[in-house]
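Dropping final-v4.txt in here (compact mmCIF, N, CA and C atoms):
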```txt
# COMPACT_ATOMS: atom_id res chain seq x y z
N MET A 1 13.48 9.32 4.99
CA MET A 1 13.50 7.88 5.02
C MET A 1 13.24 7.35 3.60
N GLU A 2 13.96 6.33 3.22
CA GLU A 2 13.82 5.76 1.88
C GLU A 2 12.59 4.84 1.83
N ILE A 3 11.89 4.89 0.71
CA ILE A 3 10.73 4.03 0.50
C ILE A 3 11.09 3.00 -0.57
N ILE A 4 10.93 1.73 -0.23
CA ILE A 4 11.21 0.63 -1.14
C ILE A 4 9.89 0.01 -1.58
N PHE A 5 9.68 -0.07 -2.87
CA PHE A 5 8.48 -0.71 -3.40
C PHE A 5 8.83 -2.14 -3.78
N THR A 6 8.27 -3.10 -3.07
CA THR A 6 8.55 -4.50 -3.35
C THR A 6 7.91 -4.91 -4.68
N GLU A 7 8.39 -6.01 -5.23
CA GLU A 7 7.81 -6.51 -6.48
C GLU A 7 6.33 -6.81 -6.31
N ARG A 8 5.96 -7.38 -5.16
CA ARG A 8 4.55 -7.69 -4.89
C ARG A 8 3.70 -6.42 -4.90
N PHE A 9 4.18 -5.36 -4.25
CA PHE A 9 3.45 -4.10 -4.20
C PHE A 9 3.26 -3.54 -5.61
N LEU A 10 4.33 -3.53 -6.40
CA LEU A 10 4.25 -3.00 -7.77
C LEU A 10 3.32 -3.85 -8.64
N ARG A 11 3.35 -5.15 -8.44
CA ARG A 11 2.47 -6.06 -9.18
C ARG A 11 1.01 -5.77 -8.83
N ARG A 12 0.73 -5.52 -7.55
CA ARG A 12 -0.65 -5.20 -7.13
C ARG A 12 -1.12 -3.89 -7.76
N ILE A 13 -0.25 -2.88 -7.82
CA ILE A 13 -0.64 -1.63 -8.46
C ILE A 13 -1.06 -1.90 -9.90
N GLU A 14 -0.27 -2.71 -10.58
CA GLU A 14 -0.57 -3.03 -11.98
C GLU A 14 -1.89 -3.80 -12.09
N GLU A 15 -2.07 -4.81 -11.25
CA GLU A 15 -3.30 -5.62 -11.30
C GLU A 15 -4.55 -4.79 -11.03
N TYR A 16 -4.51 -3.99 -9.97
CA TYR A 16 -5.69 -3.20 -9.63
C TYR A 16 -5.92 -2.08 -10.64
N SER A 17 -4.86 -1.50 -11.16
CA SER A 17 -5.01 -0.46 -12.20
C SER A 17 -5.65 -1.05 -13.44
N ASP A 18 -5.19 -2.25 -13.83
CA ASP A 18 -5.79 -2.90 -15.00
C ASP A 18 -7.28 -3.16 -14.79
N PHE A 19 -7.63 -3.59 -13.57
CA PHE A 19 -9.03 -3.86 -13.26
C PHE A 19 -9.86 -2.57 -13.33
N ILE A 20 -9.37 -1.51 -12.72
CA ILE A 20 -10.09 -0.22 -12.74
C ILE A 20 -10.21 0.30 -14.17
N ALA A 21 -9.17 0.09 -14.98
CA ALA A 21 -9.15 0.58 -16.35
C ALA A 21 -10.20 -0.09 -17.24
N LEU A 22 -10.68 -1.26 -16.85
CA LEU A 22 -11.73 -1.91 -17.63
C LEU A 22 -12.96 -1.02 -17.75
N ASN A 23 -13.18 -0.19 -16.73
CA ASN A 23 -14.33 0.72 -16.74
C ASN A 23 -13.96 2.16 -17.04
N ASP A 24 -12.76 2.57 -16.62
CA ASP A 24 -12.39 3.98 -16.78
C ASP A 24 -10.87 4.13 -16.70
N ILE A 25 -10.25 4.33 -17.85
CA ILE A 25 -8.79 4.42 -17.90
C ILE A 25 -8.27 5.61 -17.10
N SER A 26 -8.92 6.74 -17.20
CA SER A 26 -8.44 7.92 -16.48
C SER A 26 -8.52 7.72 -14.97
N LYS A 27 -9.55 7.01 -14.50
CA LYS A 27 -9.64 6.71 -13.06
C LYS A 27 -8.52 5.78 -12.63
N ALA A 28 -8.16 4.85 -13.48
CA ALA A 28 -7.07 3.92 -13.17
C ALA A 28 -5.75 4.68 -13.01
N VAL A 29 -5.49 5.60 -13.91
CA VAL A 29 -4.26 6.41 -13.83
C VAL A 29 -4.29 7.26 -12.57
N GLN A 30 -5.42 7.88 -12.31
CA GLN A 30 -5.58 8.71 -11.12
C GLN A 30 -5.39 7.89 -9.85
N TRP A 31 -5.93 6.68 -9.82
CA TRP A 31 -5.80 5.81 -8.66
C TRP A 31 -4.33 5.46 -8.42
N ALA A 32 -3.62 5.06 -9.47
CA ALA A 32 -2.21 4.68 -9.34
C ALA A 32 -1.37 5.86 -8.86
N ARG A 33 -1.61 7.04 -9.42
CA ARG A 33 -0.88 8.24 -8.95
C ARG A 33 -1.15 8.48 -7.47
N GLY A 34 -2.40 8.31 -7.08
CA GLY A 34 -2.77 8.51 -5.69
C GLY A 34 -2.07 7.55 -4.75
N VAL A 35 -1.85 6.32 -5.20
CA VAL A 35 -1.12 5.34 -4.38
C VAL A 35 0.27 5.88 -4.07
N TYR A 36 0.97 6.33 -5.11
CA TYR A 36 2.33 6.84 -4.91
C TYR A 36 2.35 8.10 -4.05
N GLU A 37 1.35 8.95 -4.21
CA GLU A 37 1.26 10.15 -3.38
C GLU A 37 1.05 9.80 -1.91
N ARG A 38 0.19 8.82 -1.65
CA ARG A 38 -0.04 8.39 -0.25
C ARG A 38 1.25 7.82 0.34
N CYS A 39 1.98 7.04 -0.44
CA CYS A 39 3.23 6.46 0.05
C CYS A 39 4.26 7.53 0.35
N GLU A 40 4.26 8.56 -0.43
CA GLU A 40 5.26 9.63 -0.27
C GLU A 40 5.16 10.29 1.11
N GLN A 41 3.98 10.36 1.69
CA GLN A 41 3.82 10.98 3.00
C GLN A 41 4.62 10.24 4.07
N LEU A 42 4.94 8.98 3.82
CA LEU A 42 5.65 8.17 4.82
C LEU A 42 7.10 8.62 5.01
N ARG A 43 7.67 9.31 4.04
CA ARG A 43 9.04 9.81 4.19
C ARG A 43 9.19 10.65 5.45
N SER A 44 8.23 11.52 5.68
CA SER A 44 8.31 12.41 6.85
C SER A 44 7.45 11.94 8.02
N GLN A 45 6.49 11.06 7.73
CA GLN A 45 5.58 10.58 8.79
C GLN A 45 5.41 9.07 8.69
N PRO A 46 6.45 8.30 8.97
CA PRO A 46 6.36 6.85 8.78
C PRO A 46 5.30 6.16 9.63
N LYS A 47 4.94 6.73 10.75
CA LYS A 47 3.93 6.10 11.61
C LYS A 47 2.54 6.68 11.39
N SER A 48 2.34 7.38 10.27
CA SER A 48 1.04 8.00 10.03
C SER A 48 -0.04 6.97 9.72
N GLY A 49 0.34 5.80 9.26
CA GLY A 49 -0.64 4.74 9.03
C GLY A 49 -0.94 4.01 10.33
N ARG A 50 -2.09 3.35 10.36
CA ARG A 50 -2.44 2.61 11.57
C ARG A 50 -1.77 1.24 11.56
N MET A 51 -1.61 0.67 12.74
CA MET A 51 -1.08 -0.67 12.87
C MET A 51 -2.10 -1.64 12.26
N VAL A 52 -1.62 -2.63 11.50
CA VAL A 52 -2.50 -3.61 10.87
C VAL A 52 -3.03 -4.56 11.96
N PRO A 53 -4.33 -4.53 12.23
CA PRO A 53 -4.87 -5.31 13.34
C PRO A 53 -4.67 -6.81 13.21
N GLU A 54 -4.64 -7.33 11.98
CA GLU A 54 -4.47 -8.77 11.79
C GLU A 54 -3.10 -9.27 12.25
N PHE A 55 -2.11 -8.38 12.28
CA PHE A 55 -0.76 -8.79 12.65
C PHE A 55 -0.35 -8.33 14.04
N ASN A 56 -0.95 -7.24 14.49
CA ASN A 56 -0.66 -6.72 15.83
C ASN A 56 0.84 -6.54 16.08
N ARG A 57 1.52 -6.02 15.08
CA ARG A 57 2.95 -5.71 15.18
C ARG A 57 3.12 -4.24 14.82
N SER A 58 3.77 -3.48 15.67
CA SER A 58 3.85 -2.03 15.49
C SER A 58 4.58 -1.62 14.22
N GLU A 59 5.44 -2.48 13.69
CA GLU A 59 6.18 -2.11 12.48
C GLU A 59 5.41 -2.41 11.20
N ILE A 60 4.35 -3.19 11.27
CA ILE A 60 3.51 -3.48 10.10
C ILE A 60 2.30 -2.55 10.18
N ARG A 61 2.19 -1.64 9.20
CA ARG A 61 1.17 -0.61 9.24
C ARG A 61 0.48 -0.51 7.89
N GLU A 62 -0.57 0.30 7.84
CA GLU A 62 -1.30 0.47 6.58
C GLU A 62 -1.80 1.90 6.42
N LEU A 63 -1.84 2.30 5.16
CA LEU A 63 -2.51 3.53 4.77
C LEU A 63 -3.76 3.11 4.00
N ILE A 64 -4.80 3.87 4.14
CA ILE A 64 -6.04 3.60 3.40
C ILE A 64 -6.07 4.53 2.20
N HIS A 65 -6.33 3.94 1.04
CA HIS A 65 -6.44 4.71 -0.20
C HIS A 65 -7.71 4.24 -0.90
N GLY A 66 -8.78 4.99 -0.72
CA GLY A 66 -10.07 4.58 -1.26
C GLY A 66 -10.50 3.28 -0.59
N ASN A 67 -10.75 2.25 -1.40
CA ASN A 67 -11.14 0.93 -0.88
C ASN A 67 -9.95 -0.01 -0.75
N TYR A 68 -8.76 0.53 -0.68
CA TYR A 68 -7.55 -0.29 -0.67
C TYR A 68 -6.69 -0.01 0.55
N ARG A 69 -6.03 -1.06 0.99
CA ARG A 69 -5.12 -0.97 2.14
C ARG A 69 -3.70 -1.11 1.61
N LEU A 70 -2.89 -0.09 1.83
CA LEU A 70 -1.48 -0.09 1.40
C LEU A 70 -0.66 -0.55 2.61
N ILE A 71 -0.17 -1.77 2.56
CA ILE A 71 0.50 -2.39 3.70
C ILE A 71 2.00 -2.14 3.61
N TYR A 72 2.58 -1.68 4.72
CA TYR A 72 4.02 -1.40 4.72
C TYR A 72 4.66 -1.80 6.03
N GLU A 73 5.99 -1.91 5.99
CA GLU A 73 6.76 -2.26 7.17
C GLU A 73 7.81 -1.18 7.41
N ILE A 74 7.85 -0.69 8.64
CA ILE A 74 8.86 0.30 9.02
C ILE A 74 10.11 -0.44 9.48
N LYS A 75 11.22 -0.13 8.85
CA LYS A 75 12.51 -0.68 9.26
C LYS A 75 13.38 0.46 9.75
N THR A 76 14.60 0.18 10.15
CA THR A 76 15.46 1.20 10.74
C THR A 76 15.69 2.39 9.82
N ASN A 77 16.06 2.14 8.57
CA ASN A 77 16.40 3.23 7.65
C ASN A 77 15.53 3.28 6.42
N GLN A 78 14.48 2.47 6.37
CA GLN A 78 13.64 2.45 5.19
C GLN A 78 12.24 1.97 5.52
N ILE A 79 11.37 2.18 4.55
CA ILE A 79 10.00 1.69 4.63
C ILE A 79 9.80 0.77 3.43
N ASP A 80 9.40 -0.46 3.70
CA ASP A 80 9.11 -1.41 2.63
C ASP A 80 7.61 -1.42 2.38
N MET A 81 7.21 -1.07 1.17
CA MET A 81 5.81 -1.17 0.77
C MET A 81 5.60 -2.62 0.37
N LEU A 82 4.78 -3.35 1.15
CA LEU A 82 4.69 -4.80 1.02
C LEU A 82 3.64 -5.29 0.02
N THR A 83 2.42 -4.78 0.14
CA THR A 83 1.35 -5.27 -0.72
C THR A 83 0.17 -4.31 -0.66
N ILE A 84 -0.81 -4.56 -1.49
CA ILE A 84 -2.06 -3.79 -1.50
C ILE A 84 -3.20 -4.79 -1.46
N TRP A 85 -4.19 -4.51 -0.63
CA TRP A 85 -5.37 -5.36 -0.54
C TRP A 85 -6.62 -4.50 -0.61
N ARG A 86 -7.64 -5.04 -1.26
CA ARG A 86 -8.95 -4.38 -1.20
C ARG A 86 -9.43 -4.47 0.23
N SER A 87 -10.10 -3.46 0.69
CA SER A 87 -10.59 -3.45 2.08
C SER A 87 -11.51 -4.62 2.37
N SER A 88 -12.19 -5.12 1.36
CA SER A 88 -13.13 -6.22 1.57
C SER A 88 -12.45 -7.58 1.66
N GLN A 89 -11.15 -7.66 1.32
CA GLN A 89 -10.43 -8.92 1.38
C GLN A 89 -9.85 -9.15 2.76
N GLU A 90 -9.75 -10.42 3.13
CA GLU A 90 -9.11 -10.77 4.39
C GLU A 90 -7.60 -10.77 4.15
N LEU A 91 -6.87 -10.12 5.04
CA LEU A 91 -5.43 -10.06 4.93
C LEU A 91 -4.82 -11.37 5.40
N THR A 92 -3.89 -11.91 4.60
CA THR A 92 -3.22 -13.16 4.96
C THR A 92 -1.77 -12.86 5.29
N ASP A 93 -1.05 -13.88 5.67
CA ASP A 93 0.35 -13.72 6.05
C ASP A 93 1.28 -13.61 4.85
N GLU A 94 0.75 -13.33 3.67
CA GLU A 94 1.60 -13.20 2.49
C GLU A 94 2.48 -11.96 2.56
N THR A 95 2.20 -11.04 3.47
CA THR A 95 2.99 -9.82 3.57
C THR A 95 4.27 -10.04 4.34
N GLY A 96 4.41 -11.15 5.05
CA GLY A 96 5.53 -11.40 5.92
C GLY A 96 6.84 -11.62 5.25
```
File written out as C-alpha cells:
Amino acid sequence: MEIIFTERFLRRIEEYSDFIALNDISKAVQWARGVYERCEQLRSQPKSGRMVPEFNRSEIRELIHGNYRLIYEIKTNQIDMLTIWRSSQELTDETG
C-alpha cells in the first residue's frame, strides 16, 4: 500500500524536530527517522494503529511514537499521513 505524506504531516515533522533540536540535535534526527520507520509498518499492516477516539471513524487511526500521535487515514489504495500531535494536546478537526 502506498503511503502519502501530506504537507501538514511533513510540516509537523519539521516543527517538532526543530523543537527537539534546541536541546539535542542527534535526538531530533533520531526522532524524525523513527517517525518514518513507524509509518513504514503501515504498508503491510495498515490497521496496526488504533482508531482515533476523538473521531470514532475506523479509517482515521494513529500510531504512537514516543509522546507523539501520528494520525493517518486508510483509503482504498493508499494511506494518507495527516498530522502529528503531542500526546498532551487535544486533537481538533484539523485532520479532516
Neighbour list for A:Arg8 as a list in words, cut-off 6 Å, only N, CA and C atoms, skip fewer than 5 positions in-chain: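 My list of contacting residues is Leu82, Thr83 and Ile84 of chain A.
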Mind running stretch 7-56 of chain A against stretch 74-80 of chain A at 10 Å and telling me each contacting residue's nearest atom pair with the distance in Å (one decimal), counting only C-alpha atoms, chain and number ascending, as CSV?
```
residue,atom,partner,partner_atom,distance
A:Phe9,CA,A:Asp80,CA,9.3
A:Cys39,CA,A:Ile79,CA,9.5
A:Leu42,CA,A:Ile79,CA,7.8
A:Arg43,CA,A:Ile79,CA,8.2
A:Pro46,CA,A:Ile74,CA,7.0
A:Lys47,CA,A:Ile74,CA,8.0
```
Atom C of A:Ile20 to atom N of A:Glu7, distance in Å rounded to a single decimal: 21.6 Å
Pick from A:Phe5, A:Met51, A:Ser87, A:Tyr16, whichever lies nearest to A:Gly66 using all atoms listed in the file: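 Result for the nearest residue to A:Gly66: A:Ser87.
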DSSP strand (DSSP E) selection over chain A, as a ChimeraX atom specification: /A:2-5,50-51,60-65,68-74,78-86
12 Å contact set for A:Gly34, only C-alpha atoms, chain neighbours under 3 positions out, as a ChimeraX atom specification: /A:13,17,27-31,37-41,63-66,68,70
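Take the candidates A:Ser48, A:Ser88, A:Thr6, A:Ser26 and check each one against A:Asn67 using all atoms listed in the file; the shortest distance goes to A:Ser88.
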For atom N of A:Arg57 and atom N of A:Val35, the interatomic separation in Å (one decimal):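 Pair atom N of A:Arg57 / atom N of A:Val35 returns 24.0 Å.
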Provide an axis-aligned box for all listed atoms of stretch 73-86 of chain A, padding each side by 6 Å; report its centre and its edge lengths in Å to one decimal, as JSON.
```
{"center_x": 3.5, "center_y": -1.0, "center_z": 4.6, "size_x": 37.8, "size_y": 20.6, "size_z": 24.2}
```
Nearest to A:Arg69 by atom-to-atom distance, counting all atoms listed in the file, from A:Arg12, A:Arg33, A:Arg86, A:Arg50: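 With all atoms listed in the file as the atom set, the closest residue is A:Arg86.
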Interatomic distance (Å, one decimal) between atom N of A:Gln45 and atom N of A:Ser58: 16.8 Å
